[in-house]
$ cat my_file01.txt   # compact mmCIF, N, CA and C atoms
# COMPACT_ATOMS: atom_id res chain seq x y z
N GLU A 481 -15.87 38.27 1.55
CA GLU A 481 -15.90 39.46 0.70
C GLU A 481 -14.49 39.89 0.29
N GLY A 482 -13.64 38.98 -0.02
CA GLY A 482 -12.31 39.30 -0.50
C GLY A 482 -11.29 39.59 0.58
N ILE A 483 -11.57 39.16 1.80
CA ILE A 483 -10.66 39.42 2.92
C ILE A 483 -9.26 38.86 2.67
N ILE A 484 -9.17 37.77 1.91
CA ILE A 484 -7.87 37.14 1.64
C ILE A 484 -6.92 38.12 0.96
N TYR A 485 -7.47 38.98 0.07
CA TYR A 485 -6.61 39.92 -0.65
C TYR A 485 -6.08 41.01 0.28
N TYR A 486 -6.89 41.40 1.26
CA TYR A 486 -6.44 42.40 2.23
C TYR A 486 -5.40 41.80 3.17
N ILE A 487 -5.55 40.53 3.49
CA ILE A 487 -4.54 39.84 4.31
C ILE A 487 -3.22 39.78 3.54
N ILE A 488 -3.29 39.40 2.27
CA ILE A 488 -2.09 39.36 1.43
C ILE A 488 -1.46 40.74 1.37
N LEU A 489 -2.27 41.77 1.17
CA LEU A 489 -1.77 43.14 1.09
C LEU A 489 -1.04 43.54 2.38
N VAL A 490 -1.66 43.30 3.51
CA VAL A 490 -1.05 43.66 4.80
C VAL A 490 0.26 42.90 5.00
N LEU A 491 0.26 41.61 4.71
CA LEU A 491 1.49 40.81 4.87
C LEU A 491 2.61 41.34 3.99
N LEU A 492 2.27 41.72 2.77
CA LEU A 492 3.29 42.26 1.86
C LEU A 492 3.83 43.60 2.39
N LEU A 493 2.93 44.43 2.89
CA LEU A 493 3.35 45.75 3.38
C LEU A 493 4.18 45.66 4.66
N LEU A 494 3.94 44.65 5.47
CA LEU A 494 4.67 44.50 6.74
C LEU A 494 6.12 44.04 6.54
N ASN A 495 6.38 43.35 5.45
CA ASN A 495 7.71 42.81 5.19
C ASN A 495 8.48 43.77 4.29
N LYS A 496 9.63 44.22 4.74
CA LYS A 496 10.42 45.19 3.97
C LYS A 496 10.78 44.67 2.58
N LYS A 497 11.05 43.37 2.47
CA LYS A 497 11.43 42.79 1.18
C LYS A 497 10.28 42.80 0.17
N THR A 498 9.05 42.78 0.64
CA THR A 498 7.90 42.70 -0.26
C THR A 498 7.06 43.98 -0.23
N ARG A 499 7.56 45.01 0.43
CA ARG A 499 6.78 46.24 0.59
C ARG A 499 6.43 46.89 -0.76
N LYS A 500 7.36 46.92 -1.69
CA LYS A 500 7.06 47.53 -2.99
C LYS A 500 5.92 46.79 -3.68
N LEU A 501 5.96 45.47 -3.65
CA LEU A 501 4.87 44.68 -4.22
C LEU A 501 3.56 44.99 -3.50
N GLY A 502 3.63 45.18 -2.18
CA GLY A 502 2.45 45.54 -1.41
C GLY A 502 1.87 46.87 -1.85
N VAL A 503 2.74 47.84 -2.10
CA VAL A 503 2.28 49.15 -2.57
C VAL A 503 1.66 49.01 -3.95
N ILE A 504 2.30 48.25 -4.83
CA ILE A 504 1.75 48.01 -6.17
C ILE A 504 0.38 47.36 -6.05
N LEU A 505 0.26 46.34 -5.20
CA LEU A 505 -1.01 45.66 -5.03
C LEU A 505 -2.06 46.61 -4.45
N GLY A 506 -1.69 47.40 -3.47
CA GLY A 506 -2.64 48.34 -2.86
C GLY A 506 -3.18 49.35 -3.86
N VAL A 507 -2.30 49.91 -4.66
CA VAL A 507 -2.71 50.87 -5.69
C VAL A 507 -3.61 50.17 -6.72
N SER A 508 -3.21 48.97 -7.11
CA SER A 508 -3.99 48.20 -8.09
C SER A 508 -5.37 47.86 -7.55
N MET A 509 -5.44 47.46 -6.27
CA MET A 509 -6.72 47.11 -5.66
C MET A 509 -7.64 48.32 -5.58
N LEU A 510 -7.08 49.47 -5.23
CA LEU A 510 -7.87 50.68 -5.15
C LEU A 510 -8.43 51.05 -6.52
N LEU A 511 -7.59 50.99 -7.52
CA LEU A 511 -8.02 51.28 -8.89
C LEU A 511 -9.10 50.30 -9.33
N ASN A 512 -8.90 49.01 -9.05
CA ASN A 512 -9.88 47.99 -9.40
C ASN A 512 -11.22 48.28 -8.74
N HIS A 513 -11.20 48.64 -7.46
CA HIS A 513 -12.44 48.93 -6.74
C HIS A 513 -13.19 50.09 -7.37
N VAL A 514 -12.47 51.15 -7.69
CA VAL A 514 -13.11 52.33 -8.30
C VAL A 514 -13.69 51.97 -9.67
N LEU A 515 -12.93 51.26 -10.47
CA LEU A 515 -13.40 50.92 -11.82
C LEU A 515 -14.54 49.90 -11.79
N SER A 516 -14.40 48.87 -10.96
CA SER A 516 -15.39 47.80 -10.95
C SER A 516 -16.65 48.18 -10.19
N ASN A 517 -16.51 48.42 -8.90
CA ASN A 517 -17.67 48.60 -8.03
C ASN A 517 -18.31 49.97 -8.12
N MET A 518 -17.50 50.99 -8.39
CA MET A 518 -18.04 52.35 -8.38
C MET A 518 -18.38 52.87 -9.78
N THR A 519 -17.83 52.23 -10.81
CA THR A 519 -18.04 52.73 -12.17
C THR A 519 -18.78 51.74 -13.07
N LEU A 520 -18.16 50.59 -13.34
CA LEU A 520 -18.72 49.67 -14.33
C LEU A 520 -19.99 48.97 -13.87
N LYS A 521 -20.03 48.47 -12.64
CA LYS A 521 -21.24 47.78 -12.17
C LYS A 521 -22.47 48.69 -12.25
N PRO A 522 -22.43 49.91 -11.72
CA PRO A 522 -23.60 50.78 -11.84
C PRO A 522 -23.88 51.20 -13.29
N LEU A 523 -22.83 51.37 -14.07
CA LEU A 523 -23.01 51.79 -15.47
C LEU A 523 -23.74 50.73 -16.28
N PHE A 524 -23.33 49.46 -16.15
CA PHE A 524 -23.96 48.38 -16.92
C PHE A 524 -25.21 47.84 -16.25
N ALA A 525 -25.24 47.86 -14.93
CA ALA A 525 -26.40 47.40 -14.14
C ALA A 525 -26.96 46.07 -14.66
N ARG A 526 -26.09 45.12 -14.87
CA ARG A 526 -26.48 43.82 -15.43
C ARG A 526 -27.07 42.91 -14.35
N THR A 527 -28.22 42.36 -14.65
CA THR A 527 -28.90 41.43 -13.76
C THR A 527 -28.12 40.12 -13.69
N ARG A 528 -28.10 39.50 -12.55
CA ARG A 528 -27.37 38.24 -12.37
C ARG A 528 -28.14 37.06 -12.95
N PRO A 529 -27.43 35.98 -13.31
CA PRO A 529 -28.09 34.82 -13.93
C PRO A 529 -29.19 34.22 -13.06
N PHE A 530 -28.99 34.13 -11.76
CA PHE A 530 -29.99 33.51 -10.90
C PHE A 530 -31.26 34.35 -10.80
N ASP A 531 -31.17 35.64 -11.11
CA ASP A 531 -32.37 36.49 -11.13
C ASP A 531 -33.17 36.30 -12.41
N ILE A 532 -32.50 35.90 -13.46
CA ILE A 532 -33.17 35.65 -14.75
C ILE A 532 -33.77 34.25 -14.76
N ASN A 533 -32.96 33.27 -14.38
CA ASN A 533 -33.40 31.87 -14.36
C ASN A 533 -33.67 31.49 -12.91
N THR A 534 -34.87 31.74 -12.45
CA THR A 534 -35.21 31.51 -11.05
C THR A 534 -35.41 30.03 -10.72
N ALA A 535 -35.36 29.16 -11.73
CA ALA A 535 -35.48 27.72 -11.49
C ALA A 535 -34.23 27.16 -10.82
N VAL A 536 -33.12 27.89 -10.95
CA VAL A 536 -31.86 27.46 -10.35
C VAL A 536 -31.75 28.07 -8.97
N GLU A 537 -31.57 27.21 -7.97
CA GLU A 537 -31.35 27.69 -6.61
C GLU A 537 -29.85 27.73 -6.36
N ILE A 538 -29.39 28.88 -5.91
CA ILE A 538 -27.95 28.98 -5.65
C ILE A 538 -27.66 28.57 -4.22
N ILE A 539 -26.43 28.14 -3.99
CA ILE A 539 -26.06 27.55 -2.70
C ILE A 539 -25.34 28.54 -1.78
N ILE A 540 -25.20 29.78 -2.22
CA ILE A 540 -24.57 30.81 -1.39
C ILE A 540 -25.56 31.94 -1.20
N LYS A 541 -25.21 32.87 -0.31
CA LYS A 541 -26.03 34.05 -0.13
C LYS A 541 -26.05 34.84 -1.44
N LYS A 542 -27.23 35.24 -1.87
CA LYS A 542 -27.34 35.96 -3.14
C LYS A 542 -26.63 37.31 -3.07
N PRO A 543 -25.70 37.52 -3.99
CA PRO A 543 -25.04 38.83 -4.04
C PRO A 543 -26.06 39.92 -4.39
N SER A 544 -25.88 41.08 -3.83
CA SER A 544 -26.83 42.16 -4.07
C SER A 544 -26.36 43.15 -5.13
N SER A 545 -25.10 43.09 -5.50
CA SER A 545 -24.58 44.02 -6.50
C SER A 545 -24.89 43.50 -7.90
N TYR A 546 -24.59 44.32 -8.88
CA TYR A 546 -24.80 43.92 -10.27
C TYR A 546 -23.77 42.89 -10.71
N SER A 547 -24.02 42.31 -11.87
CA SER A 547 -23.24 41.16 -12.33
C SER A 547 -21.96 41.51 -13.09
N PHE A 548 -21.98 42.57 -13.88
CA PHE A 548 -20.83 42.88 -14.74
C PHE A 548 -20.07 44.09 -14.23
N PRO A 549 -18.75 43.92 -14.12
CA PRO A 549 -17.92 42.72 -14.24
C PRO A 549 -17.92 41.95 -12.92
N SER A 550 -17.40 40.75 -12.95
CA SER A 550 -17.29 39.95 -11.73
C SER A 550 -16.24 40.59 -10.83
N GLY A 551 -16.68 41.11 -9.69
CA GLY A 551 -15.76 41.76 -8.77
C GLY A 551 -14.76 40.80 -8.15
N HIS A 552 -15.22 39.58 -7.82
CA HIS A 552 -14.30 38.58 -7.25
C HIS A 552 -13.22 38.21 -8.27
N THR A 553 -13.64 38.02 -9.51
CA THR A 553 -12.68 37.67 -10.55
C THR A 553 -11.73 38.84 -10.80
N ALA A 554 -12.28 40.05 -10.86
CA ALA A 554 -11.44 41.23 -11.09
C ALA A 554 -10.39 41.36 -9.99
N GLN A 555 -10.81 41.16 -8.74
CA GLN A 555 -9.86 41.29 -7.62
C GLN A 555 -8.80 40.20 -7.67
N ALA A 556 -9.21 38.97 -7.97
CA ALA A 556 -8.26 37.86 -8.04
C ALA A 556 -7.23 38.10 -9.15
N PHE A 557 -7.69 38.58 -10.30
CA PHE A 557 -6.77 38.82 -11.41
C PHE A 557 -5.98 40.12 -11.22
N THR A 558 -6.53 41.09 -10.52
CA THR A 558 -5.75 42.29 -10.17
C THR A 558 -4.55 41.86 -9.34
N THR A 559 -4.79 41.00 -8.38
CA THR A 559 -3.72 40.49 -7.52
C THR A 559 -2.70 39.70 -8.34
N ALA A 560 -3.18 38.79 -9.17
CA ALA A 560 -2.28 37.97 -9.98
C ALA A 560 -1.44 38.83 -10.92
N PHE A 561 -2.08 39.82 -11.56
CA PHE A 561 -1.33 40.66 -12.49
C PHE A 561 -0.38 41.61 -11.76
N ALA A 562 -0.74 42.07 -10.58
CA ALA A 562 0.20 42.89 -9.80
C ALA A 562 1.45 42.07 -9.49
N PHE A 563 1.26 40.82 -9.10
CA PHE A 563 2.39 39.93 -8.83
C PHE A 563 3.19 39.70 -10.12
N PHE A 564 2.49 39.53 -11.24
CA PHE A 564 3.15 39.29 -12.52
C PHE A 564 4.01 40.48 -12.94
N PHE A 565 3.43 41.67 -12.94
CA PHE A 565 4.17 42.85 -13.38
C PHE A 565 5.32 43.19 -12.44
N ALA A 566 5.18 42.84 -11.16
CA ALA A 566 6.25 43.06 -10.19
C ALA A 566 7.29 41.94 -10.24
N LYS A 567 7.09 40.96 -11.11
CA LYS A 567 8.01 39.84 -11.30
C LYS A 567 8.21 39.02 -10.01
N SER A 568 7.11 38.76 -9.33
CA SER A 568 7.15 37.98 -8.09
C SER A 568 7.25 36.49 -8.39
N LYS A 569 7.92 35.77 -7.50
CA LYS A 569 8.03 34.32 -7.62
C LYS A 569 6.68 33.63 -7.36
N LEU A 570 5.75 34.36 -6.77
CA LEU A 570 4.43 33.79 -6.45
C LEU A 570 3.39 34.03 -7.54
N THR A 571 3.84 34.49 -8.70
CA THR A 571 2.91 34.80 -9.79
C THR A 571 2.08 33.59 -10.20
N LYS A 572 2.71 32.44 -10.41
CA LYS A 572 1.97 31.26 -10.88
C LYS A 572 0.89 30.83 -9.90
N PRO A 573 1.19 30.71 -8.61
CA PRO A 573 0.11 30.34 -7.69
C PRO A 573 -1.03 31.37 -7.66
N MET A 574 -0.69 32.63 -7.82
CA MET A 574 -1.72 33.67 -7.83
C MET A 574 -2.64 33.52 -9.05
N PHE A 575 -2.06 33.17 -10.18
CA PHE A 575 -2.89 32.95 -11.38
C PHE A 575 -3.74 31.68 -11.24
N VAL A 576 -3.19 30.65 -10.63
CA VAL A 576 -3.98 29.44 -10.39
C VAL A 576 -5.17 29.78 -9.49
N PHE A 577 -4.92 30.50 -8.42
CA PHE A 577 -5.99 30.89 -7.51
C PHE A 577 -7.02 31.77 -8.23
N ALA A 578 -6.55 32.68 -9.07
CA ALA A 578 -7.46 33.57 -9.81
C ALA A 578 -8.35 32.76 -10.76
N CYS A 579 -7.78 31.77 -11.43
CA CYS A 579 -8.57 30.93 -12.33
C CYS A 579 -9.62 30.12 -11.55
N ILE A 580 -9.22 29.62 -10.40
CA ILE A 580 -10.18 28.89 -9.56
C ILE A 580 -11.30 29.82 -9.13
N MET A 581 -10.96 31.04 -8.72
CA MET A 581 -11.96 32.02 -8.32
C MET A 581 -12.93 32.30 -9.47
N ALA A 582 -12.40 32.49 -10.67
CA ALA A 582 -13.25 32.77 -11.83
C ALA A 582 -14.21 31.61 -12.09
N PHE A 583 -13.69 30.39 -12.02
CA PHE A 583 -14.53 29.21 -12.24
C PHE A 583 -15.64 29.12 -11.21
N THR A 584 -15.33 29.39 -9.94
CA THR A 584 -16.36 29.28 -8.91
C THR A 584 -17.49 30.26 -9.12
N ARG A 585 -17.21 31.42 -9.68
CA ARG A 585 -18.26 32.41 -9.92
C ARG A 585 -19.25 31.89 -10.97
N LEU A 586 -18.75 31.14 -11.93
CA LEU A 586 -19.64 30.50 -12.91
C LEU A 586 -20.37 29.32 -12.28
N TYR A 587 -19.62 28.50 -11.57
CA TYR A 587 -20.19 27.30 -10.95
C TYR A 587 -21.31 27.66 -9.97
N LEU A 588 -21.11 28.73 -9.23
CA LEU A 588 -22.12 29.16 -8.25
C LEU A 588 -23.30 29.89 -8.90
N TYR A 589 -23.23 30.08 -10.18
CA TYR A 589 -24.32 30.68 -10.98
C TYR A 589 -24.60 32.13 -10.58
N VAL A 590 -23.55 32.86 -10.25
CA VAL A 590 -23.71 34.26 -9.90
C VAL A 590 -23.17 35.20 -10.98
N HIS A 591 -22.55 34.62 -12.02
CA HIS A 591 -22.02 35.42 -13.13
C HIS A 591 -22.17 34.71 -14.46
N TYR A 592 -22.22 35.52 -15.50
CA TYR A 592 -22.16 35.03 -16.87
C TYR A 592 -20.69 34.94 -17.29
N PRO A 593 -20.38 34.15 -18.31
CA PRO A 593 -18.99 34.08 -18.79
C PRO A 593 -18.41 35.45 -19.17
N THR A 594 -19.23 36.32 -19.74
CA THR A 594 -18.71 37.65 -20.10
C THR A 594 -18.40 38.50 -18.87
N ASP A 595 -19.08 38.24 -17.76
CA ASP A 595 -18.74 38.92 -16.49
C ASP A 595 -17.34 38.52 -16.06
N ILE A 596 -17.05 37.23 -16.22
CA ILE A 596 -15.74 36.69 -15.85
C ILE A 596 -14.67 37.29 -16.76
N LEU A 597 -14.93 37.30 -18.05
CA LEU A 597 -13.98 37.87 -19.01
C LEU A 597 -13.73 39.34 -18.68
N GLY A 598 -14.79 40.08 -18.38
CA GLY A 598 -14.64 41.48 -18.00
C GLY A 598 -13.80 41.64 -16.75
N GLY A 599 -13.98 40.74 -15.78
CA GLY A 599 -13.18 40.77 -14.56
C GLY A 599 -11.71 40.50 -14.83
N ILE A 600 -11.43 39.57 -15.73
CA ILE A 600 -10.04 39.26 -16.09
C ILE A 600 -9.39 40.47 -16.75
N VAL A 601 -10.08 41.07 -17.72
CA VAL A 601 -9.53 42.24 -18.42
C VAL A 601 -9.32 43.39 -17.43
N LEU A 602 -10.30 43.62 -16.59
CA LEU A 602 -10.19 44.69 -15.59
C LEU A 602 -9.03 44.42 -14.63
N GLY A 603 -8.85 43.17 -14.24
CA GLY A 603 -7.73 42.81 -13.37
C GLY A 603 -6.39 43.08 -14.03
N CYS A 604 -6.29 42.77 -15.30
CA CYS A 604 -5.04 43.03 -16.04
C CYS A 604 -4.78 44.53 -16.12
N ILE A 605 -5.79 45.30 -16.44
CA ILE A 605 -5.64 46.75 -16.54
C ILE A 605 -5.27 47.35 -15.19
N SER A 606 -5.96 46.94 -14.14
CA SER A 606 -5.70 47.47 -12.80
C SER A 606 -4.29 47.12 -12.33
N GLY A 607 -3.89 45.86 -12.52
CA GLY A 607 -2.55 45.44 -12.13
C GLY A 607 -1.47 46.18 -12.88
N TYR A 608 -1.68 46.39 -14.17
CA TYR A 608 -0.70 47.08 -15.00
C TYR A 608 -0.58 48.55 -14.62
N ILE A 609 -1.72 49.22 -14.52
CA ILE A 609 -1.69 50.64 -14.18
C ILE A 609 -1.13 50.85 -12.77
N GLY A 610 -1.52 49.98 -11.83
CA GLY A 610 -0.97 50.07 -10.48
C GLY A 610 0.54 49.94 -10.49
N TYR A 611 1.04 48.97 -11.24
CA TYR A 611 2.49 48.77 -11.35
C TYR A 611 3.15 49.99 -11.96
N LYS A 612 2.61 50.49 -13.06
CA LYS A 612 3.21 51.64 -13.75
C LYS A 612 3.17 52.90 -12.89
N LEU A 613 2.09 53.11 -12.15
CA LEU A 613 2.00 54.28 -11.27
C LEU A 613 3.07 54.25 -10.18
N VAL A 614 3.24 53.10 -9.56
CA VAL A 614 4.24 52.98 -8.50
C VAL A 614 5.65 53.15 -9.09
N GLU A 615 5.90 52.57 -10.24
CA GLU A 615 7.20 52.75 -10.89
C GLU A 615 7.45 54.21 -11.22
N PHE A 616 6.43 54.88 -11.75
CA PHE A 616 6.55 56.30 -12.11
C PHE A 616 6.85 57.15 -10.88
N ILE A 617 6.09 56.96 -9.81
CA ILE A 617 6.29 57.72 -8.58
C ILE A 617 7.67 57.44 -7.99
N GLN A 618 8.07 56.17 -8.01
CA GLN A 618 9.39 55.81 -7.49
C GLN A 618 10.50 56.46 -8.31
N MET A 619 10.31 56.52 -9.62
CA MET A 619 11.31 57.17 -10.50
C MET A 619 11.38 58.66 -10.21
N LYS A 620 10.23 59.30 -10.04
CA LYS A 620 10.19 60.74 -9.75
C LYS A 620 10.84 61.07 -8.42
N ARG A 621 10.63 60.19 -7.43
CA ARG A 621 11.20 60.42 -6.10
C ARG A 621 12.73 60.26 -6.12
N ALA A 622 13.22 59.42 -7.03
CA ALA A 622 14.66 59.17 -7.11
C ALA A 622 15.42 60.36 -7.71
N HIS A 623 14.71 61.18 -8.46
CA HIS A 623 15.39 62.30 -9.12
C HIS A 623 15.26 63.57 -8.35

$ encode --input "my_file01.txt" --output "structure tokens"
Amino acid sequence: EGIIYYIILVLLLLNKKTRKLGVILGVSMLLNHVLSNMTLKPLFARTRPFDINTAVEIIIKKPSSYSFPSGHTAQAFTTAFAFFFAKSKLTKPMFVFACIMAFTRLYLYVHYPTDILGGIVLGCISGYIGYKLVEFIQMKRAH
């Protein structure tokens, strides 16, 4: 259930050199959670592909939440974009991982392509706003 992102977050927060990126990621993840799981999923209430096409048997435990947007994709891209906006050297690997995550959601037949696209857009928005919020707060604290 996305434990890898929390591990990354904790590791970033524990290291003084990466703490700012950790704060950016934490703010971005919180924003993503509120927008994706608490707002958009209930608002759109989109049925998952495997519920429509019951002839396809999926190989994982059936997710119980709604389909749009893809929460796994949104979280993966939130992380990648937080790294991108913070100008981290690990940006490229994070985007590779995010793309793999997005593909697996389609491959596992738990999302439609538009769910994935929505997750990517939401990840970009969450990462950007998280970055800007931390920068704004840091600027205000400096003055």

$ atom_distance --input "my_file01.txt" --atom1 "CA of Phe557 (chain A)" --atom2 "CA of Thr571 (chain A)"
10.6 Å

$ atom_distance --input "my_file01.txt" --atom1 "CA of Leu510 (chain A)" --atom2 "CA of Ile596 (chain A)"
19.3 Å

$ closest_residue --input "my_file01.txt" --among "A:Ala582, A:Met574, A:Leu489, A:Ala554" --to "Leu505 (chain A)" --atoms "all atoms listed in the file"
A:Leu489

$ closest_residue --input "my_file01.txt" --among "A:Cys579, A:Ile488, A:Ile504, A:Leu520" --to "Ala562 (chain A)" --atoms "all atoms listed in the file"
A:Ile504

$ atom_distance --input "my_file01.txt" --atom1 "atom N of Asn517 (chain A)" --atom2 "atom N of His552 (chain A)"
9.0 Å

$ closest_residue --input "my_file01.txt" --among "A:Ile580, A:Ile609, A:Leu492, A:Leu602" --to "Val507 (chain A)" --atoms "only C-alpha atoms"
A:Ile609

$ closest_residue --input "my_file01.txt" --among "A:Arg621, A:His513, A:Arg585, A:Arg526" --to "Ser606 (chain A)" --atoms "all atoms listed in the file"
A:His513

$ closest_residue --input "my_file01.txt" --among "A:Ser568, A:Thr498, A:Thr519, A:Ser508" --to "Pro549 (chain A)" --atoms "only C-alpha atoms"
A:Thr519
